[in-house]
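Dropping structure-v3.cif in here (mmCIF, C-alpha atoms and all ligand atoms):
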data_work
loop_
_atom_site.label_atom_id
_atom_site.label_comp_id
_atom_site.auth_asym_id
_atom_site.auth_seq_id
_atom_site.Cartn_x
_atom_site.Cartn_y
_atom_site.Cartn_z
CA MET L 1 93.02 88.85 99.08
CA VAL L 2 90.20 86.76 97.64
CA ARG L 3 87.90 85.13 100.12
CA PRO L 4 86.74 81.64 99.09
CA GLU L 5 83.10 81.25 98.12
CA ARG L 6 80.80 79.13 100.21
CA GLY L 7 81.16 75.49 99.28
CA GLY L 8 84.70 74.85 100.43
CA GLU L 9 85.46 72.88 103.56
CA VAL L 10 88.04 72.86 106.25
CA GLY L 11 91.22 71.00 105.32
CA ALA L 12 94.56 70.00 106.84
CA VAL L 13 95.90 71.51 110.04
CA LEU L 14 98.26 74.41 109.36
CA VAL L 15 99.01 75.38 112.97
CA THR L 16 98.42 72.81 115.69
CA GLU L 17 96.77 73.46 119.03
CA ALA L 18 100.13 72.71 120.72
CA VAL L 19 102.05 75.26 118.63
CA ILE L 20 99.35 77.89 119.22
CA GLY L 21 99.46 77.18 122.96
CA ARG L 22 103.24 77.59 123.10
CA ARG L 23 103.21 80.87 121.17
CA VAL L 24 100.35 82.29 123.22
CA ALA L 25 102.30 81.50 126.41
CA GLU L 26 105.43 83.17 124.98
CA LEU L 27 103.49 86.24 123.82
CA GLY L 28 101.81 86.46 127.24
CA ALA L 29 105.20 86.39 128.95
CA SER L 30 106.50 89.18 126.67
CA VAL L 31 103.43 91.33 127.30
CA THR L 32 103.75 90.74 131.06
CA GLU L 33 107.36 91.92 130.97
CA ASP L 34 106.78 94.87 128.61
CA TYR L 35 103.72 96.26 130.44
CA ALA L 36 104.73 95.66 134.08
CA GLY L 37 103.64 98.64 136.19
CA LYS L 38 101.56 100.10 133.33
CA ASP L 39 97.81 100.57 133.03
CA LEU L 40 97.19 98.02 130.27
CA VAL L 41 93.97 97.74 128.25
CA LEU L 42 93.74 94.72 125.95
CA VAL L 43 91.28 95.39 123.13
CA GLY L 44 90.17 92.22 121.36
CA VAL L 45 88.89 92.53 117.80
CA LEU L 46 85.59 90.67 117.33
CA SER L 47 84.83 88.16 116.15
CA GLY L 48 87.99 86.59 114.73
CA GLY L 49 90.25 87.73 117.58
CA ALA L 50 87.96 86.56 120.41
CA VAL L 51 89.49 83.13 121.10
CA PHE L 52 93.09 84.37 120.80
CA THR L 53 92.37 87.41 122.98
CA ALA L 54 90.75 85.26 125.69
CA ASP L 55 93.76 82.92 125.78
CA LEU L 56 96.33 85.72 125.59
CA ALA L 57 94.62 87.68 128.39
CA ARG L 58 94.94 84.64 130.68
CA SER L 59 98.63 84.29 129.79
CA VAL L 60 99.35 87.84 130.92
CA ASN L 61 100.11 88.11 134.63
CA LEU L 62 99.03 91.74 135.09
CA PRO L 63 95.85 93.46 136.34
CA LEU L 64 94.79 94.39 132.82
CA GLU L 65 91.41 95.60 131.59
CA LEU L 66 89.79 93.65 128.77
CA ASP L 67 87.56 95.36 126.21
CA TRP L 68 86.25 94.59 122.72
CA ILE L 69 85.74 96.29 119.39
CA ALA L 70 83.88 94.83 116.41
CA VAL L 71 84.67 95.82 112.85
CA SER L 72 83.71 94.37 109.52
CA SER L 73 86.28 94.55 106.74
CA TYR L 74 84.86 92.30 104.07
CA GLY L 75 81.19 93.28 103.94
CA ASP L 76 79.11 90.57 102.30
CA GLY L 77 81.27 90.31 99.21
CA SER L 78 83.57 87.45 98.35
CA SER L 79 86.72 89.53 98.22
CA SER L 80 88.25 92.14 100.48
CA SER L 81 86.38 95.41 100.14
CA GLY L 82 89.33 97.40 101.41
CA ARG L 83 86.82 99.22 103.61
CA VAL L 84 86.37 98.95 107.35
CA ARG L 85 83.07 99.53 109.11
CA LEU L 86 82.75 100.03 112.88
CA VAL L 87 80.17 97.62 114.30
CA LYS L 88 80.79 98.02 118.05
CA ASP L 89 83.19 100.41 119.77
CA VAL L 90 85.12 99.92 123.04
CA GLU L 91 83.52 101.05 126.28
CA ALA L 92 86.69 101.81 128.25
CA ASP L 93 88.17 105.32 128.37
CA LEU L 94 91.55 104.87 126.66
CA ALA L 95 93.03 108.33 127.30
CA GLY L 96 96.45 108.15 128.95
CA ARG L 97 96.39 104.35 129.09
CA HIS L 98 98.49 101.66 127.42
CA VAL L 99 96.40 100.06 124.67
CA LEU L 100 97.23 96.74 123.02
CA VAL L 101 94.96 95.76 120.12
CA VAL L 102 94.65 91.98 119.65
CA ASP L 103 93.52 90.51 116.32
CA ASP L 104 93.56 87.15 114.59
CA ILE L 105 95.19 87.77 111.18
CA LEU L 106 97.17 90.53 109.55
CA ASP L 107 96.54 90.13 105.83
CA THR L 108 96.59 93.34 103.76
CA GLY L 109 96.81 95.43 106.93
CA VAL L 110 93.80 97.59 106.02
CA THR L 111 91.88 96.53 109.15
CA LEU L 112 94.75 97.07 111.58
CA ALA L 113 95.71 100.41 110.02
CA TRP L 114 92.11 101.56 110.48
CA LEU L 115 91.99 100.31 114.08
CA LEU L 116 95.24 102.03 115.06
CA GLU L 117 94.01 105.29 113.54
CA HIS L 118 90.71 104.90 115.42
CA PHE L 119 92.43 104.35 118.78
CA ARG L 120 95.09 107.02 118.25
CA ALA L 121 92.29 109.60 118.32
CA ARG L 122 91.56 108.52 121.95
CA ARG L 123 94.99 109.79 123.05
CA PRO L 124 96.34 106.60 124.67
CA ALA L 125 99.72 106.73 126.46
CA SER L 126 100.89 104.02 124.05
CA LEU L 127 99.31 102.03 121.25
CA HIS L 128 100.50 98.70 119.88
CA ALA L 129 99.09 95.63 118.15
CA CYS L 130 99.37 91.90 118.60
CA VAL L 131 98.29 89.48 115.87
CA LEU L 132 98.26 85.70 116.01
CA LEU L 133 98.98 85.17 112.31
CA ARG L 134 100.61 87.30 109.63
CA LYS L 135 100.31 86.68 105.88
CA PRO L 136 102.94 87.86 103.35
CA GLU L 137 100.71 90.63 101.92
CA ALA L 138 101.07 92.45 105.23
CA VAL L 139 104.42 93.86 104.11
CA LEU L 140 102.59 96.01 101.54
CA GLU L 141 100.88 98.08 104.23
CA PRO L 142 103.18 99.91 106.69
CA VAL L 143 101.60 98.36 109.78
CA ARG L 144 104.07 96.94 112.26
CA PRO L 145 102.54 94.92 115.10
CA ARG L 146 104.67 94.80 118.25
CA TYR L 147 103.82 91.10 118.64
CA VAL L 148 103.31 88.46 115.92
CA GLY L 149 102.47 84.85 116.75
CA LEU L 150 103.41 83.19 113.48
CA ASP L 151 104.05 84.04 109.84
CA ILE L 152 102.02 81.81 107.51
CA GLU L 153 101.64 81.16 103.78
CA PRO L 154 99.05 83.16 101.84
CA VAL L 155 96.24 80.61 102.16
CA PHE L 156 92.73 81.06 103.53
CA VAL L 157 92.48 79.56 107.03
CA ALA L 158 89.84 78.82 109.66
CA GLY L 159 89.75 77.68 113.30
CA TYR L 160 90.85 79.06 116.68
CA GLY L 161 88.36 81.92 116.38
CA ILE L 162 88.85 82.44 112.65
CA ASP L 163 85.82 81.68 110.48
CA TYR L 164 85.20 80.41 107.00
CA ALA L 165 81.69 81.50 105.87
CA GLY L 166 80.76 81.97 109.53
CA ARG L 167 81.83 78.50 110.63
CA TYR L 168 84.74 76.61 112.22
CA ARG L 169 85.62 79.25 114.85
CA ASN L 170 85.41 76.51 117.50
CA LEU L 171 88.21 74.35 116.08
CA ARG L 172 91.22 74.17 118.41
CA SER L 173 93.81 74.29 115.60
CA VAL L 174 94.14 76.56 112.57
CA HIS L 175 93.24 74.69 109.37
CA LYS L 176 93.65 75.46 105.70
CA VAL L 177 90.36 75.94 103.87
CA LEU L 178 89.95 73.61 100.90
CA LEU L 179 88.24 75.20 97.95
CA PRO L 180 85.94 73.07 95.77
CA GLU L 181 88.38 73.34 92.81
CA ASP L 182 91.21 71.99 94.98
CA GLY L 183 89.45 68.61 94.82
P1 LIG L 201 93.26 92.76 106.35
O1 LIG L 201 92.48 94.01 106.57
O2 LIG L 201 93.42 92.43 104.90
O3 LIG L 201 94.58 92.74 107.09
O4 LIG L 201 92.35 91.59 106.88
C1 LIG L 201 92.39 91.18 108.19
C2 LIG L 201 91.09 90.50 108.56
O5 LIG L 201 90.57 89.72 107.47
C3 LIG L 201 91.35 89.53 109.70
O6 LIG L 201 91.15 90.15 110.94
C4 LIG L 201 90.34 88.46 109.41
O7 LIG L 201 89.14 88.76 110.06
C5 LIG L 201 90.14 88.47 107.92
N1 LIG L 201 90.95 87.42 107.27
C6 LIG L 201 92.12 87.57 106.61
N2 LIG L 201 92.59 86.39 106.19
C7 LIG L 201 91.67 85.46 106.60
C8 LIG L 201 91.62 84.01 106.49
O8 LIG L 201 92.49 83.32 105.92
N3 LIG L 201 90.53 83.41 107.04
C9 LIG L 201 89.55 84.12 107.68
N4 LIG L 201 89.58 85.45 107.83
C10 LIG L 201 90.63 86.12 107.28
MG MG L 202 89.15 90.06 111.94
#

So, in terms of structure tokens, how does the structure I just supplied come out?
Ligand code: IMP
Ligand code: MG
Amino acid sequence: MVRPERGGEVGAVLVTEAVIGRRVAELGASVTEDYAGKDLVLVGVLSGGAVFTADLARSVNLPLELDWIAVSSYGDGSSSSGRVRLVKDVEADLAGRHVLVVDDILDTGVTLAWLLEHFRARRPASLHACVLLRKPEAVLEPVRPRYVGLDIEPVFVAGYGIDYAGRYRNLRSVHKVLLPEDG
């Protein structure tokens, strides 16, 4: 996937705050049901997954532990490098525990595949993923998240934790990013 160069701006709303709120509540209810009685560790993927993870965690009615991992998958280039670099690892001991990785977007699946491999080595009792948004390219990589918020078109987006050139993470809705050539 090609990442837009600096110079674009945030455009129309693609997923409204209300729709996000409803899906987060539904996902939280599913997680609550699926992990009842289990030692659940939610691992949020920084930075894009931070806002979603914070909201999802509060929609789950279980005594979960919340931890964070930071990876960089694009480097400084303008297109996906296809490489993942560990920036900050989790602090919790994951052995024998039920781990749910929470990220913003599943695009090519390279990032999530790397994360699942990374956590599998910690010998968790179970390992699943939850993504807010899934783009069509995700079908190319055999990564199957247990929970998906919404399937979206293959456009570059920003807002609700997701950045464009480092900005717009604080928007409450998910917006399309308008490239300069789009007018
Ligand atoms: P993947 O490795 O191709 O699946 O890329 C997933 C990661 O790329 C996500 O966690 C995001 O951080 C980033 N990403 C993918 N699509 C977008 C987008 O439209 N806007 C901002 N970041 C994106
Ligand atoms: Mg990310």

Around ligand LIG 201 (chain L), out to 6 Å and counting only C-alpha atoms and all ligand atoms, which residues are there? I want them as a ChimeraX atom specification.
/L:48,103-111,155-158,162-164

Give the answer as one residue: which of L:Lys88, L:Gly82, L:Asn170, L:Asp39 has the shortest atom-to-atom distance to L:Glu65, using all atoms listed in the file?
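Of the candidates, the smallest distance to L:Glu65 is held by L:Asp39.
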
Would you mind telling me which residue in L:Val31, L:Val60, L:Ile69, L:Val131 lies nearest to L:Leu86 when using all atoms listed in the file?
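Using all atoms listed in the file, L:Leu86 sits closest to L:Ile69.
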
For ligand MG 202 (chain L), the nearest of the candidates L:Val71, L:Ile20, L:Ala36, L:Ala54, counting only C-alpha atoms and all ligand atoms:
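Ranking L:Val71, L:Ile20, L:Ala36, L:Ala54 by distance to ligand MG 202 (chain L), first place goes to L:Val71.
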
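Straight-line separation from atom MG of ligand MG 202 (chain L) to atom CA of L:Arg167: 13.7 Å.
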
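Atom CA of L:Gly166 is found 23.0 Å from atom CA of L:Cys130.
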
Choose the residue, out of L:Val90, L:Tyr147, L:Gly44, L:Arg23, that has the smallest atom-to-atom separation from ligand MG 202 (chain L); count only C-alpha atoms and all ligand atoms.
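The shortest atom-to-atom distance to ligand MG 202 (chain L) comes from L:Gly44.
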
Selected residue of minimal separation from ligand MG 202 (chain L) among L:Ala50, L:Leu40, L:Leu56, L:Ala113, counting all atoms listed in the file
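Residue with the minimum atom-to-atom distance to ligand MG 202 (chain L): L:Ala50.
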
Name the closest residue to ligand MG 202 (chain L) among the candidates L:Glu26, L:Ser73, L:Ile152, L:Lys135; distances are taken between atoms, counting all atoms listed in the file.
L:Ser73

Block slice stretch 70-175 of chain L, C-alpha atoms, emitted as a PDB file, in the first residue's frame:
ATOM      1  CA  ALA L  70       5.213  -0.285  19.817  1.00  0.00           C
ATOM      2  CA  VAL L  71       6.281  -1.316  16.335  1.00  0.00           C
ATOM      3  CA  SER L  72       7.118   0.628  13.237  1.00  0.00           C
ATOM      4  CA  SER L  73       6.148  -0.899   9.910  1.00  0.00           C
ATOM      5  CA  TYR L  74       6.648   1.922   7.452  1.00  0.00           C
ATOM      6  CA  GLY L  75      10.005   3.393   8.472  1.00  0.00           C
ATOM      7  CA  ASP L  76      10.424   6.903   7.114  1.00  0.00           C
ATOM      8  CA  GLY L  77       9.575   5.995   3.544  1.00  0.00           C
ATOM      9  CA  SER L  78       6.418   6.911   1.713  1.00  0.00           C
ATOM     10  CA  SER L  79       5.354   3.355   1.001  1.00  0.00           C
ATOM     11  CA  SER L  80       5.097   0.212   3.083  1.00  0.00           C
ATOM     12  CA  SER L  81       8.552  -1.210   3.710  1.00  0.00           C
ATOM     13  CA  GLY L  82       7.167  -4.664   4.376  1.00  0.00           C
ATOM     14  CA  ARG L  83       9.460  -4.713   7.401  1.00  0.00           C
ATOM     15  CA  VAL L  84       8.520  -4.473  11.045  1.00  0.00           C
ATOM     16  CA  ARG L  85      10.804  -3.032  13.708  1.00  0.00           C
ATOM     17  CA  LEU L  86      10.218  -3.484  17.449  1.00  0.00           C
ATOM     18  CA  VAL L  87      10.277  -0.099  19.191  1.00  0.00           C
ATOM     19  CA  LYS L  88       8.934  -1.040  22.648  1.00  0.00           C
ATOM     20  CA  ASP L  89       8.057  -4.496  23.944  1.00  0.00           C
ATOM     21  CA  VAL L  90       5.353  -5.499  26.462  1.00  0.00           C
ATOM     22  CA  GLU L  91       6.257  -5.632  30.140  1.00  0.00           C
ATOM     23  CA  ALA L  92       3.761  -8.286  31.249  1.00  0.00           C
ATOM     24  CA  ASP L  93       4.729 -11.974  31.424  1.00  0.00           C
ATOM     25  CA  LEU L  94       2.454 -13.564  28.800  1.00  0.00           C
ATOM     26  CA  ALA L  95       3.226 -17.239  29.466  1.00  0.00           C
ATOM     27  CA  GLY L  96       0.084 -19.289  30.075  1.00  0.00           C
ATOM     28  CA  ARG L  97      -2.187 -16.255  29.720  1.00  0.00           C
ATOM     29  CA  HIS L  98      -4.856 -15.295  27.200  1.00  0.00           C
ATOM     30  CA  VAL L  99      -3.435 -12.583  24.936  1.00  0.00           C
ATOM     31  CA  LEU L 100      -5.551 -10.354  22.698  1.00  0.00           C
ATOM     32  CA  VAL L 101      -3.581  -8.003  20.427  1.00  0.00           C
ATOM     33  CA  VAL L 102      -5.473  -4.802  19.561  1.00  0.00           C
ATOM     34  CA  ASP L 103      -4.517  -2.733  16.507  1.00  0.00           C
ATOM     35  CA  ASP L 104      -6.037   0.011  14.397  1.00  0.00           C
ATOM     36  CA  ILE L 105      -5.865  -1.247  10.789  1.00  0.00           C
ATOM     37  CA  LEU L 106      -5.207  -4.529   9.060  1.00  0.00           C
ATOM     38  CA  ASP L 107      -3.867  -3.593   5.634  1.00  0.00           C
ATOM     39  CA  THR L 108      -1.371  -6.026   4.076  1.00  0.00           C
ATOM     40  CA  GLY L 109      -1.229  -8.014   7.318  1.00  0.00           C
ATOM     41  CA  VAL L 110       2.573  -7.834   7.557  1.00  0.00           C
ATOM     42  CA  THR L 111       2.438  -6.036  10.929  1.00  0.00           C
ATOM     43  CA  LEU L 112      -0.097  -8.362  12.530  1.00  0.00           C
ATOM     44  CA  ALA L 113       1.643 -11.485  11.226  1.00  0.00           C
ATOM     45  CA  TRP L 114       4.878 -10.235  12.805  1.00  0.00           C
ATOM     46  CA  LEU L 115       3.147  -9.404  16.101  1.00  0.00           C
ATOM     47  CA  LEU L 116       1.465 -12.804  16.365  1.00  0.00           C
ATOM     48  CA  GLU L 117       4.783 -14.538  15.692  1.00  0.00           C
ATOM     49  CA  HIS L 118       6.447 -12.338  18.331  1.00  0.00           C
ATOM     50  CA  PHE L 119       3.835 -13.178  20.987  1.00  0.00           C
ATOM     51  CA  ARG L 120       3.605 -16.873  20.107  1.00  0.00           C
ATOM     52  CA  ALA L 121       7.216 -17.207  21.287  1.00  0.00           C
ATOM     53  CA  ARG L 122       6.033 -16.149  24.806  1.00  0.00           C
ATOM     54  CA  ARG L 123       3.911 -19.309  25.076  1.00  0.00           C
ATOM     55  CA  PRO L 124       0.518 -17.719  25.830  1.00  0.00           C
ATOM     56  CA  ALA L 125      -2.452 -19.994  26.618  1.00  0.00           C
ATOM     57  CA  SER L 126      -4.236 -18.405  23.644  1.00  0.00           C
ATOM     58  CA  LEU L 127      -3.405 -15.692  21.142  1.00  0.00           C
ATOM     59  CA  HIS L 128      -5.878 -13.690  19.072  1.00  0.00           C
ATOM     60  CA  ALA L 129      -6.147 -10.294  17.400  1.00  0.00           C
ATOM     61  CA  CYS L 130      -8.722  -7.543  17.254  1.00  0.00           C
ATOM     62  CA  VAL L 131      -8.547  -4.793  14.634  1.00  0.00           C
ATOM     63  CA  LEU L 132     -10.828  -1.802  14.267  1.00  0.00           C
ATOM     64  CA  LEU L 133     -10.574  -1.572  10.477  1.00  0.00           C
ATOM     65  CA  ARG L 134      -9.717  -4.073   7.761  1.00  0.00           C
ATOM     66  CA  LYS L 135      -8.750  -3.164   4.194  1.00  0.00           C
ATOM     67  CA  PRO L 136      -9.242  -5.530   1.214  1.00  0.00           C
ATOM     68  CA  GLU L 137      -5.505  -6.268   0.834  1.00  0.00           C
ATOM     69  CA  ALA L 138      -5.672  -8.140   4.134  1.00  0.00           C
ATOM     70  CA  VAL L 139      -6.989 -11.224   2.330  1.00  0.00           C
ATOM     71  CA  LEU L 140      -3.581 -11.647   0.676  1.00  0.00           C
ATOM     72  CA  GLU L 141      -1.871 -12.416   3.979  1.00  0.00           C
ATOM     73  CA  PRO L 142      -3.219 -15.418   5.938  1.00  0.00           C
ATOM     74  CA  VAL L 143      -3.889 -13.439   9.105  1.00  0.00           C
ATOM     75  CA  ARG L 144      -7.318 -13.975  10.603  1.00  0.00           C
ATOM     76  CA  PRO L 145      -8.229 -11.633  13.453  1.00  0.00           C
ATOM     77  CA  ARG L 146     -10.821 -13.042  15.860  1.00  0.00           C
ATOM     78  CA  TYR L 147     -12.518  -9.626  15.970  1.00  0.00           C
ATOM     79  CA  VAL L 148     -12.912  -7.051  13.170  1.00  0.00           C
ATOM     80  CA  GLY L 149     -14.689  -3.737  13.710  1.00  0.00           C
ATOM     81  CA  LEU L 150     -15.407  -2.782  10.113  1.00  0.00           C
ATOM     82  CA  ASP L 151     -14.291  -3.609   6.581  1.00  0.00           C
ATOM     83  CA  ILE L 152     -13.422  -0.458   4.626  1.00  0.00           C
ATOM     84  CA  GLU L 153     -12.412   0.527   1.094  1.00  0.00           C
ATOM     85  CA  PRO L 154      -8.705   0.652   0.219  1.00  0.00           C
ATOM     86  CA  VAL L 155      -8.238   4.356   0.959  1.00  0.00           C
ATOM     87  CA  PHE L 156      -5.765   6.049   3.291  1.00  0.00           C
ATOM     88  CA  VAL L 157      -7.513   7.160   6.489  1.00  0.00           C
ATOM     89  CA  ALA L 158      -6.787   9.182   9.621  1.00  0.00           C
ATOM     90  CA  GLY L 159      -8.480   9.896  12.957  1.00  0.00           C
ATOM     91  CA  TYR L 160      -9.486   7.919  16.062  1.00  0.00           C
ATOM     92  CA  GLY L 161      -5.829   7.187  16.839  1.00  0.00           C
ATOM     93  CA  ILE L 162      -4.765   6.726  13.224  1.00  0.00           C
ATOM     94  CA  ASP L 163      -2.325   9.312  11.879  1.00  0.00           C
ATOM     95  CA  TYR L 164      -1.584  10.922   8.572  1.00  0.00           C
ATOM     96  CA  ALA L 165       2.019  12.265   8.603  1.00  0.00           C
ATOM     97  CA  GLY L 166       1.903  12.222  12.404  1.00  0.00           C
ATOM     98  CA  ARG L 167      -1.293  14.248  12.703  1.00  0.00           C
ATOM     99  CA  TYR L 168      -5.069  13.865  13.167  1.00  0.00           C
ATOM    100  CA  ARG L 169      -4.932  11.071  15.780  1.00  0.00           C
ATOM    101  CA  ASN L 170      -7.193  13.195  17.992  1.00  0.00           C
ATOM    102  CA  LEU L 171     -10.153  13.291  15.584  1.00  0.00           C
ATOM    103  CA  ARG L 172     -13.192  11.450  16.956  1.00  0.00           C
ATOM    104  CA  SER L 173     -14.208   9.958  13.584  1.00  0.00           C
ATOM    105  CA  VAL L 174     -12.202   8.160  10.905  1.00  0.00           C
ATOM    106  CA  HIS L 175     -11.691  10.393   7.863  1.00  0.00           C
TER     107      HIS L 175
END
